file model.tsv (TSV, C-alpha atoms)
chain	number	residue	atom	x	y	z
A	1	MET	CA	0.00	0.00	0.00
A	2	ASN	CA	1.79	3.06	-1.17
A	3	LEU	CA	-0.66	5.92	-1.03
A	4	PRO	CA	0.98	8.81	0.77
A	5	ALA	CA	1.60	11.01	-2.28
A	6	THR	CA	-2.02	10.87	-3.47
A	7	ARG	CA	-3.34	11.30	0.04
A	8	GLN	CA	-1.32	14.39	0.49
A	9	ASP	CA	-2.49	15.85	-2.82
A	10	GLN	CA	-6.09	15.30	-1.86
A	11	ASN	CA	-5.53	16.86	1.52
A	12	TYR	CA	-3.94	19.83	-0.07
A	13	LEU	CA	-6.86	20.28	-2.41
A	14	PHE	CA	-9.93	19.50	-0.43
A	15	ASP	CA	-9.23	18.85	3.19
A	16	THR	CA	-9.48	22.13	5.03
A	17	GLN	CA	-8.28	20.30	8.15
A	18	SER	CA	-4.81	20.84	6.76
A	19	ILE	CA	-5.45	24.58	7.14
A	20	SER	CA	-5.64	25.97	10.65
A	21	ALA	CA	-9.15	26.38	12.00
A	22	TRP	CA	-8.22	29.83	13.26
A	23	GLY	CA	-7.00	30.79	9.83
A	24	LEU	CA	-10.29	29.69	8.29
A	25	LEU	CA	-12.33	31.59	10.85
A	26	ARG	CA	-10.29	34.71	10.23
A	27	LEU	CA	-10.76	34.21	6.52
A	28	ARG	CA	-14.55	34.02	6.89
A	29	GLU	CA	-14.49	37.11	9.03
A	30	GLN	CA	-12.49	38.95	6.36
A	31	LEU	CA	-14.72	37.69	3.56
A	32	GLU	CA	-17.82	39.05	5.27
A	33	ASN	CA	-16.42	42.51	4.49
A	34	GLY	CA	-15.97	41.59	0.85
A	35	LEU	CA	-13.05	40.88	-1.41
A	36	PRO	CA	-10.29	43.51	-1.18
A	37	LEU	CA	-9.90	45.69	-4.27
A	38	THR	CA	-6.20	44.96	-4.70
A	39	PRO	CA	-4.66	43.34	-7.79
A	40	ARG	CA	-4.22	40.09	-5.86
A	41	PRO	CA	-7.16	40.08	-3.43
A	42	TYR	CA	-6.66	36.47	-2.35
A	43	LEU	CA	-3.04	37.26	-1.49
A	44	THR	CA	-4.22	40.28	0.51
A	45	LEU	CA	-6.62	38.01	2.39
A	46	ALA	CA	-3.79	35.51	2.91
A	47	GLU	CA	-1.61	38.20	4.47
A	48	ARG	CA	-4.43	39.22	6.80
A	49	THR	CA	-5.21	35.68	7.91
A	50	GLY	CA	-1.85	33.94	8.05
A	51	LEU	CA	-2.79	31.53	5.27
A	52	THR	CA	-1.20	31.22	1.85
A	53	GLU	CA	-2.79	32.63	-1.29
A	54	GLN	CA	-3.35	29.07	-2.55
A	55	GLN	CA	-5.05	28.08	0.69
A	56	VAL	CA	-7.34	31.09	0.51
A	57	MET	CA	-8.34	30.31	-3.07
A	58	LEU	CA	-8.91	26.64	-2.26
A	59	ALA	CA	-11.01	27.46	0.78
A	60	VAL	CA	-13.17	29.87	-1.22
A	61	SER	CA	-13.64	27.34	-4.03
A	62	GLN	CA	-14.48	24.62	-1.57
A	63	TRP	CA	-16.99	26.80	0.30
A	64	GLN	CA	-18.64	27.54	-3.03
A	65	GLN	CA	-18.90	23.84	-3.82
A	66	GLN	CA	-20.27	23.08	-0.37
A	67	GLY	CA	-22.81	25.85	-0.69
A	68	LEU	CA	-21.58	27.89	2.29
A	69	ILE	CA	-20.90	30.62	-0.26
A	70	LYS	CA	-23.96	30.75	-2.46
A	71	ARG	CA	-22.76	33.51	-4.71
A	72	LEU	CA	-19.42	35.19	-5.32
A	73	GLY	CA	-19.84	38.47	-7.13
A	74	LEU	CA	-20.92	42.07	-7.01
A	75	VAL	CA	-23.56	42.78	-4.38
A	76	VAL	CA	-25.77	45.55	-5.74
A	77	LYS	CA	-27.62	48.10	-3.63
A	78	HIS	CA	-30.73	48.27	-5.74
A	79	ARG	CA	-32.18	51.29	-4.03
A	80	THR	CA	-29.24	53.52	-5.03
A	81	LEU	CA	-29.57	52.35	-8.61
A	82	GLY	CA	-33.19	53.41	-8.73
A	83	TYR	CA	-35.12	50.38	-7.51
A	84	ARG	CA	-37.14	52.47	-5.11
A	85	ALA	CA	-40.24	50.32	-4.73
A	86	ASN	CA	-39.40	47.32	-2.63
A	87	ALA	CA	-42.47	45.30	-1.72
A	88	MET	CA	-42.77	42.39	0.65
A	89	ALA	CA	-45.92	40.52	-0.32
A	90	VAL	CA	-47.16	38.01	2.22
A	91	TRP	CA	-49.90	35.40	2.06
A	92	ASN	CA	-51.58	33.09	4.51
A	93	VAL	CA	-51.41	29.85	2.57
A	94	SER	CA	-52.54	26.49	3.92
A	95	ASP	CA	-49.65	24.40	5.21
A	96	GLU	CA	-50.32	21.75	2.58
A	97	ARG	CA	-49.97	24.17	-0.29
A	98	VAL	CA	-47.25	26.52	0.89
A	99	SER	CA	-44.26	24.58	-0.45
A	100	GLU	CA	-45.70	24.03	-3.91
A	101	LEU	CA	-46.84	27.62	-4.20
A	102	GLY	CA	-43.54	28.97	-2.89
A	103	LYS	CA	-41.62	27.11	-5.58
A	104	ALA	CA	-44.00	28.35	-8.28
A	105	LEU	CA	-43.75	31.98	-7.15
A	106	ALA	CA	-39.96	31.78	-6.82
A	107	ALA	CA	-39.75	30.87	-10.50
A	108	SER	CA	-41.35	34.15	-11.53
A	109	PRO	CA	-38.78	36.63	-12.87
A	110	VAL	CA	-40.24	39.51	-10.83
A	111	VAL	CA	-39.86	37.67	-7.53
A	112	THR	CA	-36.38	38.29	-6.14
A	113	LEU	CA	-36.71	36.33	-2.89
A	114	CYS	CA	-39.30	33.86	-1.68
A	115	TYR	CA	-39.58	31.89	1.53
A	116	GLN	CA	-41.80	30.35	4.16
A	117	ARG	CA	-41.76	31.70	7.70
A	118	PRO	CA	-43.92	30.88	10.72
A	119	ARG	CA	-47.20	32.65	11.49
A	120	ARG	CA	-47.34	34.51	14.82
A	121	LEU	CA	-50.99	34.63	15.72
A	122	PRO	CA	-52.91	36.77	16.25
A	123	ASP	CA	-50.61	39.59	15.06
A	124	TRP	CA	-49.09	37.96	12.05
A	125	PRO	CA	-51.14	35.38	10.13
A	126	TYR	CA	-48.89	35.15	7.03
A	127	ASN	CA	-46.53	32.31	6.19
A	128	LEU	CA	-45.41	32.86	2.58
A	129	PHE	CA	-43.12	35.80	1.78
A	130	CYS	CA	-42.20	37.20	-1.64
A	131	MET	CA	-39.91	40.14	-2.30
A	132	ILE	CA	-40.30	42.27	-5.38
A	133	HIS	CA	-37.60	44.86	-6.08
A	134	GLY	CA	-39.29	47.28	-8.43
A	135	ILE	CA	-38.57	50.60	-9.98
A	136	ASP	CA	-41.82	52.28	-9.08
A	137	ARG	CA	-44.84	51.50	-7.03
A	138	ASN	CA	-47.34	51.29	-9.88
A	139	ARG	CA	-45.20	48.82	-11.76
A	140	VAL	CA	-44.83	46.65	-8.68
A	141	GLN	CA	-48.58	46.77	-8.06
A	142	SER	CA	-49.30	45.52	-11.55
A	143	GLN	CA	-46.58	42.86	-11.29
A	144	LEU	CA	-48.25	41.70	-8.10
A	145	GLU	CA	-51.69	41.63	-9.67
A	146	GLN	CA	-50.22	39.54	-12.48
A	147	LEU	CA	-48.74	37.10	-9.95
A	148	VAL	CA	-52.06	36.79	-8.15
A	149	LEU	CA	-53.84	35.98	-11.41
A	150	GLU	CA	-51.21	33.55	-12.70
A	151	HIS	CA	-51.07	31.55	-9.50
A	152	GLY	CA	-54.71	31.67	-8.52
A	153	LEU	CA	-54.08	33.59	-5.31
A	154	GLU	CA	-57.34	35.54	-5.38
A	155	GLY	CA	-59.16	35.05	-2.12
A	156	ILE	CA	-56.04	34.12	-0.15
A	157	PRO	CA	-55.54	36.58	2.72
A	158	HIS	CA	-52.53	38.73	1.98
A	159	ALA	CA	-50.77	42.01	2.67
A	160	VAL	CA	-48.27	44.11	0.74
A	161	LEU	CA	-45.65	45.92	2.78
A	162	PHE	CA	-43.87	48.52	0.70
A	163	SER	CA	-40.61	49.77	2.08
A	164	ASN	CA	-40.17	53.51	2.04
A	165	LYS	CA	-36.75	53.69	3.66
A	166	ALA	CA	-33.66	51.54	4.19
A	167	TYR	CA	-32.01	52.28	7.52
A	168	LEU	CA	-29.31	49.68	6.97
A	169	GLN	CA	-28.34	47.32	4.19
A	170	ARG	CA	-25.15	45.27	4.22
A	171	GLY	CA	-23.87	41.73	4.21
A	172	GLY	CA	-24.53	39.29	7.03
A	173	ARG	CA	-21.88	39.11	9.75
A	174	TYR	CA	-22.03	35.56	11.02
A	175	VAL	CA	-18.61	35.17	12.56
A	176	SER	CA	-17.27	38.70	12.88
A	177	ASP	CA	-18.33	40.71	15.89
A	178	ARG	CA	-18.97	44.38	15.83
B	179	MET	CA	-28.38	56.92	-11.13
B	180	ARG	CA	-27.04	56.61	-14.67
B	181	LEU	CA	-24.08	54.34	-15.22
B	182	ASP	CA	-21.94	54.09	-18.31
B	183	MET	CA	-21.78	51.00	-20.47
B	184	ALA	CA	-18.67	49.54	-18.84
B	185	ASP	CA	-20.15	49.81	-15.34
B	186	ARG	CA	-23.35	48.16	-16.52
B	187	GLN	CA	-21.43	45.35	-18.15
B	188	LEU	CA	-19.40	44.81	-14.98
B	189	ILE	CA	-22.60	44.48	-12.97
B	190	ASP	CA	-24.43	42.39	-15.55
B	191	ARG	CA	-21.59	39.95	-15.91
B	192	TYR	CA	-20.26	39.66	-12.38
B	193	GLN	CA	-23.12	39.55	-9.91
B	194	ARG	CA	-22.08	35.89	-9.78
B	195	ASP	CA	-19.14	33.73	-10.88
B	196	LEU	CA	-16.40	36.14	-9.95
B	197	PRO	CA	-13.12	34.38	-10.82
B	198	VAL	CA	-11.16	32.64	-8.08
B	199	SER	CA	-7.70	33.17	-9.49
B	200	GLU	CA	-4.53	35.07	-8.60
B	201	ARG	CA	-5.56	38.09	-10.64
B	202	PRO	CA	-9.37	38.00	-10.75
B	203	TYR	CA	-9.73	41.67	-11.73
B	204	GLU	CA	-7.34	41.14	-14.62
B	205	ASP	CA	-9.44	38.17	-15.79
B	206	MET	CA	-12.57	40.31	-15.58
B	207	ALA	CA	-10.82	43.13	-17.41
B	208	ARG	CA	-9.85	40.82	-20.25
B	209	ALA	CA	-13.42	39.53	-20.59
B	210	LEU	CA	-14.78	43.09	-20.77
B	211	GLY	CA	-12.05	44.74	-22.83
B	212	LEU	CA	-10.82	46.91	-19.94
B	213	THR	CA	-7.58	47.07	-17.99
B	214	GLU	CA	-7.14	45.57	-14.54
B	215	GLU	CA	-6.61	49.04	-13.13
B	216	GLU	CA	-9.86	50.27	-14.69
B	217	VAL	CA	-11.81	47.36	-13.22
B	218	ILE	CA	-10.44	48.05	-9.74
B	219	GLU	CA	-11.09	51.79	-10.06
B	220	ARG	CA	-14.61	51.23	-11.30
B	221	LEU	CA	-15.40	48.78	-8.49
B	222	SER	CA	-14.02	51.20	-5.89
B	223	ALA	CA	-16.07	54.04	-7.33
B	224	LEU	CA	-19.24	51.93	-7.41
B	225	GLN	CA	-18.66	51.00	-3.78
B	226	GLU	CA	-18.07	54.62	-2.85
B	227	GLN	CA	-21.27	55.67	-4.59
B	228	GLN	CA	-23.15	53.00	-2.62
B	229	ILE	CA	-24.17	51.21	-5.81
B	230	LEU	CA	-22.30	48.13	-4.65
B	231	SER	CA	-22.35	47.15	-1.01
B	232	ARG	CA	-19.28	45.00	-1.62
B	233	VAL	CA	-17.50	42.66	-3.96
B	234	GLY	CA	-17.64	39.29	-2.50
B	235	PRO	CA	-19.34	36.30	-1.21
B	236	VAL	CA	-22.94	36.01	-0.18
B	237	PHE	CA	-23.06	33.35	2.52
B	238	GLU	CA	-25.83	30.80	2.72
B	239	HIS	CA	-27.29	31.73	6.06
B	240	SER	CA	-28.50	28.24	6.98
B	241	GLN	CA	-24.89	27.05	6.79
B	242	ALA	CA	-23.14	30.21	7.86
B	243	GLY	CA	-24.82	30.58	11.24
B	244	ALA	CA	-28.16	31.64	12.60
B	245	SER	CA	-30.27	34.36	11.04
B	246	LEU	CA	-33.74	35.68	11.55
B	247	LEU	CA	-36.17	38.24	10.15
B	248	ALA	CA	-37.72	40.30	12.91
B	249	ALA	CA	-40.13	43.20	13.04
B	250	VAL	CA	-41.19	45.73	15.64
B	251	ALA	CA	-44.14	48.06	15.83
B	252	ALA	CA	-42.65	51.47	16.60
B	253	PRO	CA	-44.71	54.61	17.25
B	254	ASP	CA	-44.49	56.72	14.07
B	255	GLU	CA	-42.77	59.66	15.70
B	256	GLN	CA	-40.09	57.38	17.20
B	257	MET	CA	-39.24	55.40	14.10
B	258	ASP	CA	-35.86	56.98	13.41
B	259	LEU	CA	-34.83	56.60	17.01
B	260	VAL	CA	-35.90	52.97	17.22
B	261	ALA	CA	-34.27	52.21	13.86
B	262	ALA	CA	-31.00	53.69	15.08
B	263	ARG	CA	-31.17	51.57	18.23
B	264	ILE	CA	-31.80	48.44	16.14
B	265	ASN	CA	-28.85	49.29	13.88
B	266	ARG	CA	-26.61	49.38	16.95
B	267	ALA	CA	-27.56	45.87	18.02
B	268	PRO	CA	-24.90	43.29	17.16
B	269	GLY	CA	-25.47	41.25	14.00
B	270	VAL	CA	-28.10	43.46	12.37
B	271	ASN	CA	-27.47	43.75	8.64
B	272	HIS	CA	-30.73	44.88	7.04
B	273	ASN	CA	-33.24	47.27	8.50
B	274	TYR	CA	-36.16	48.67	6.50
B	275	ALA	CA	-39.16	50.81	7.25
B	276	ARG	CA	-42.31	49.16	5.88
B	277	GLU	CA	-45.92	50.29	5.66
B	278	HIS	CA	-47.59	48.21	8.36
B	279	THR	CA	-48.28	48.28	12.09
B	280	TYR	CA	-45.04	46.33	12.28
B	281	ASN	CA	-43.13	49.12	10.62
B	282	LEU	CA	-39.46	48.25	11.13
B	283	TRP	CA	-38.17	45.02	9.62
B	284	PHE	CA	-34.64	43.85	10.21
B	285	VAL	CA	-32.43	40.82	9.73
B	286	MET	CA	-30.16	39.74	12.54
B	287	THR	CA	-27.40	37.14	12.28
B	288	ALA	CA	-25.26	35.41	14.89
B	289	PRO	CA	-22.75	32.55	15.06
B	290	ASN	CA	-25.48	30.29	16.50
B	291	GLY	CA	-29.10	30.21	17.57
B	292	ASP	CA	-28.49	30.74	21.29
B	293	ILE	CA	-26.50	33.92	20.74
B	294	LEU	CA	-29.13	35.12	18.30
B	295	GLU	CA	-31.91	34.61	20.87
B	296	GLU	CA	-29.88	36.42	23.52
B	297	ARG	CA	-29.28	39.36	21.23
B	298	LEU	CA	-32.96	39.57	20.32
B	299	ASP	CA	-34.02	39.29	23.97
B	300	GLU	CA	-31.68	42.10	24.88
B	301	LEU	CA	-32.91	44.30	22.04
B	302	GLU	CA	-36.55	43.59	22.87
B	303	HIS	CA	-35.87	44.44	26.50
B	304	HIS	CA	-34.32	47.76	25.48
B	305	LEU	CA	-37.00	48.73	22.98
B	306	LYS	CA	-39.97	47.60	25.07
B	307	LEU	CA	-41.90	47.10	21.83
B	308	PRO	CA	-43.73	44.04	20.54
B	309	MET	CA	-41.39	42.02	18.32
B	310	LEU	CA	-42.12	39.39	15.69
B	311	ARG	CA	-39.45	36.72	15.32
B	312	LEU	CA	-39.70	34.97	11.99
B	313	PRO	CA	-37.02	32.36	11.29
B	314	MET	CA	-36.92	30.89	7.83
B	315	VAL	CA	-38.82	27.61	7.51
B	316	GLU	CA	-38.04	26.94	3.87
B	317	GLY	CA	-36.40	29.00	1.10
B	318	TYR	CA	-37.67	28.75	-2.45
B	319	HIS	CA	-35.37	31.17	-4.19
B	320	ILE	CA	-31.62	30.99	-4.50
B	321	ASP	CA	-30.10	34.46	-4.50
B	322	LEU	CA	-28.23	34.75	-7.78
B	323	GLY	CA	-28.58	38.50	-8.03
B	324	PHE	CA	-31.22	39.57	-10.51
B	325	ASP	CA	-30.75	41.16	-13.92
B	326	ILE	CA	-30.89	44.95	-13.79
B	327	ASP	CA	-33.43	46.50	-16.15
B	328	TRP	CA	-31.19	49.44	-17.15
B	329	GLU	CA	-33.64	50.92	-19.61
B	330	ALA	CA	-36.43	51.19	-17.09
B	331	LEU	CA	-34.36	52.94	-14.44
B	332	PRO	CA	-35.10	56.62	-13.82

call {"tool": "encode", "arguments": {"input": "model.tsv", "output": "structure tokens"}}
result
Amino acid sequence: MNLPATRQDQNYLFDTQSISAWGLLRLREQLENGLPLTPRPYLTLAERTGLTEQQVMLAVSQWQQQGLIKRLGLVVKHRTLGYRANAMAVWNVSDERVSELGKALAASPVVTLCYQRPRRLPDWPYNLFCMIHGIDRNRVQSQLEQLVLEHGLEGIPHAVLFSNKAYLQRGGRYVSDR
Amino acid sequence: MRLDMADRQLIDRYQRDLPVSERPYEDMARALGLTEEEVIERLSALQEQQILSRVGPVFEHSQAGASLLAAVAAPDEQMDLVAARINRAPGVNHNYAREHTYNLWFVMTAPNGDILEERLDELEHHLKLPMLRLPMVEGYHIDLGFDIDWEALP
């Protein structure tokens, strides 16, 4: 049995145990602030975390494959661009139908986020949430009416919560403290 | 806000699949017919103008730690004050005013569920306002960043 060379290669590529846990935690903390705008951003991250550039790149690739990082790219602030009408539409859908309906609504190009959350009775009877990032209120209203028609949502109790102000909008800080 | 063609192309092309390579901005520059320096300058400017919140990863919250959508019903005349207090709470990353009795909606994250609960308890105690806590049960939409409708923008 002569495996050591292969084993080591695999470790190097895909076993983050070969990278220090502290280094990885620091890397996640750094990544929550975004990728540095330096010619070699992964090297910059390496210098800040005590890892090597290769280790940083491998960790990021691996986290993408594992789904911890769901998207690596430019995070747009839609409101600044002119998407001023942000609506959260909520419905009270029966528990049997919520999953099926959620998937159908999520497939609509106007729906930018869609999820199920618990009801909190009596104050909050809604369990299905859809976000629509729209340019103006009238357009969003008609997009919503279209959704209601297409998915047979007439008669299902609902509310539309337009947002008129963003007090804070930034990436999630899961490991870094403030 | 009007952006020029190169900025639009940067955004259209790289809301996802940013290269993981030694010189990612150079790779992007080559794909768009720009120089590396231009790409970096443009990204910095877009960040400065608050058009981009950052260049970087969006973490999947169910794997990254605990996260929760919460809402409070603040008296109208105290909204700014309450919003500012919420923004100071650890782990808050989104906070919007919405038209409803529950008029402030925010997302809070934490390394784990216990810390998240503690943080919410503390905030609720401070605010002395009714709070909805709405953890995600099931997500139906993967955030890939959506295509910007440049023509329709004001």

call {"tool": "residues_near_point", "arguments": {"input": "model.tsv", "point": "(-24.1, 47.8, 5.5)", "cutoff": "12 Å", "atoms": "all atoms listed in the file", "output": "PyMOL selection string"}}
result
(chain A and resi 32-34+75-77+166-173) or (chain B and resi 225+228-232+265-266+269-273+285)

call {"tool": "interface_residues", "arguments": {"input": "model.tsv", "of": "chain A", "to": "chain B", "cutoff": "7 Å", "atoms": "all atoms listed in the file", "output": "PyMOL selection string"}}
result
chain A and resi 31+34-35+37+39-40+42+57+67-77+80-82+102-103+106+112-118+135+161-175+178

call {"tool": "atom_distance", "arguments": {"input": "model.tsv", "atom1": "CA of Val111 (chain A)", "atom2": "CA of Ser94 (chain A)"}}
result
20.4 Å

call {"tool": "atom_distance", "arguments": {"input": "model.tsv", "atom1": "CA of Ala249 (chain B)", "atom2": "CA of Pro109 (chain A)"}}
result
26.8 Å

call {"tool": "axis_aligned_box", "arguments": {"input": "model.tsv", "around": "region 102-119 of chain A", "padding_each_side": "4 Å", "output": "AutoDock Vina command-line options"}}
result
--center_x -41.8 --center_y 33.3 --center_z -0.7 --size_x 18.8 --size_y 20.4 --size_z 32.4

call {"tool": "closest_residue", "arguments": {"input": "model.tsv", "among": "B:Glu295, B:Glu329, B:Glu302, B:Asp182", "to": "Val260 (chain B)", "atoms": "only C-alpha atoms"}}
result
B:Glu302

call {"tool": "atom_distance", "arguments": {"input": "model.tsv", "atom1": "CA of Gly134 (chain A)", "atom2": "CA of Ala85 (chain A)"}}
result
4.9 Å

call {"tool": "residues_around", "arguments": {"input": "model.tsv", "residues": "Met88 (chain A)", "least_positions_apart": "3", "cutoff": "7 Å", "atoms": "all atoms listed in the file", "output": "MDAnalysis selection string"}}
result
chainID A and resid 129:132 160:162

call {"tool": "write_last_selection", "arguments": {"input": "model.tsv", "atoms": "C-alpha atoms", "output": "mmCIF file, in the coordinates of the input"}}
result
data_model
loop_
_atom_site.group_PDB
_atom_site.id
_atom_site.type_symbol
_atom_site.label_atom_id
_atom_site.label_comp_id
_atom_site.auth_asym_id
_atom_site.auth_seq_id
_atom_site.Cartn_x
_atom_site.Cartn_y
_atom_site.Cartn_z
ATOM 1 C CA PHE A 129 -43.120 35.800 1.780
ATOM 2 C CA CYS A 130 -42.200 37.200 -1.640
ATOM 3 C CA MET A 131 -39.910 40.140 -2.300
ATOM 4 C CA ILE A 132 -40.300 42.270 -5.380
ATOM 5 C CA VAL A 160 -48.270 44.110 0.740
ATOM 6 C CA LEU A 161 -45.650 45.920 2.780
ATOM 7 C CA PHE A 162 -43.870 48.520 0.700
#

call {"tool": "closest_residue", "arguments": {"input": "model.tsv", "among": "A:Leu25, A:Ala87, A:Leu149, A:Ile19", "to": "Leu58 (chain A)", "atoms": "only C-alpha atoms"}}
result
A:Ile19

call {"tool": "closest_residue", "arguments": {"input": "model.tsv", "among": "A:Leu101, A:Val110, A:Gly23, A:Arg119", "to": "Glu145 (chain A)", "atoms": "all atoms listed in the file"}}
result
A:Val110

call {"tool": "closest_residue", "arguments": {"input": "model.tsv", "among": "B:Leu301, B:Leu210, B:Asp254, B:Leu307", "to": "Asp185 (chain B)", "atoms": "only C-alpha atoms"}}
result
B:Leu210

call {"tool": "decode", "arguments": {"input": "model.tsv", "residues": "region 80-128 of chain A", "atoms": "C-alpha atoms", "output": "CSV table (one decimal), in the first residue's frame"}}
result
chain,number,residue,atom,x,y,z
A,80,THR,CA,-29.2,53.5,-5.0
A,81,LEU,CA,-29.6,52.3,-8.6
A,82,GLY,CA,-33.2,53.4,-8.7
A,83,TYR,CA,-35.1,50.4,-7.5
A,84,ARG,CA,-37.1,52.5,-5.1
A,85,ALA,CA,-40.2,50.3,-4.7
A,86,ASN,CA,-39.4,47.3,-2.6
A,87,ALA,CA,-42.5,45.3,-1.7
A,88,MET,CA,-42.8,42.4,0.7
A,89,ALA,CA,-45.9,40.5,-0.3
A,90,VAL,CA,-47.2,38.0,2.2
A,91,TRP,CA,-49.9,35.4,2.1
A,92,ASN,CA,-51.6,33.1,4.5
A,93,VAL,CA,-51.4,29.8,2.6
A,94,SER,CA,-52.5,26.5,3.9
A,95,ASP,CA,-49.7,24.4,5.2
A,96,GLU,CA,-50.3,21.7,2.6
A,97,ARG,CA,-50.0,24.2,-0.3
A,98,VAL,CA,-47.3,26.5,0.9
A,99,SER,CA,-44.3,24.6,-0.5
A,100,GLU,CA,-45.7,24.0,-3.9
A,101,LEU,CA,-46.8,27.6,-4.2
A,102,GLY,CA,-43.5,29.0,-2.9
A,103,LYS,CA,-41.6,27.1,-5.6
A,104,ALA,CA,-44.0,28.4,-8.3
A,105,LEU,CA,-43.7,32.0,-7.1
A,106,ALA,CA,-40.0,31.8,-6.8
A,107,ALA,CA,-39.8,30.9,-10.5
A,108,SER,CA,-41.4,34.2,-11.5
A,109,PRO,CA,-38.8,36.6,-12.9
A,110,VAL,CA,-40.2,39.5,-10.8
A,111,VAL,CA,-39.9,37.7,-7.5
A,112,THR,CA,-36.4,38.3,-6.1
A,113,LEU,CA,-36.7,36.3,-2.9
A,114,CYS,CA,-39.3,33.9,-1.7
A,115,TYR,CA,-39.6,31.9,1.5
A,116,GLN,CA,-41.8,30.3,4.2
A,117,ARG,CA,-41.8,31.7,7.7
A,118,PRO,CA,-43.9,30.9,10.7
A,119,ARG,CA,-47.2,32.6,11.5
A,120,ARG,CA,-47.3,34.5,14.8
A,121,LEU,CA,-51.0,34.6,15.7
A,122,PRO,CA,-52.9,36.8,16.3
A,123,ASP,CA,-50.6,39.6,15.1
A,124,TRP,CA,-49.1,38.0,12.0
A,125,PRO,CA,-51.1,35.4,10.1
A,126,TYR,CA,-48.9,35.2,7.0
A,127,ASN,CA,-46.5,32.3,6.2
A,128,LEU,CA,-45.4,32.9,2.6
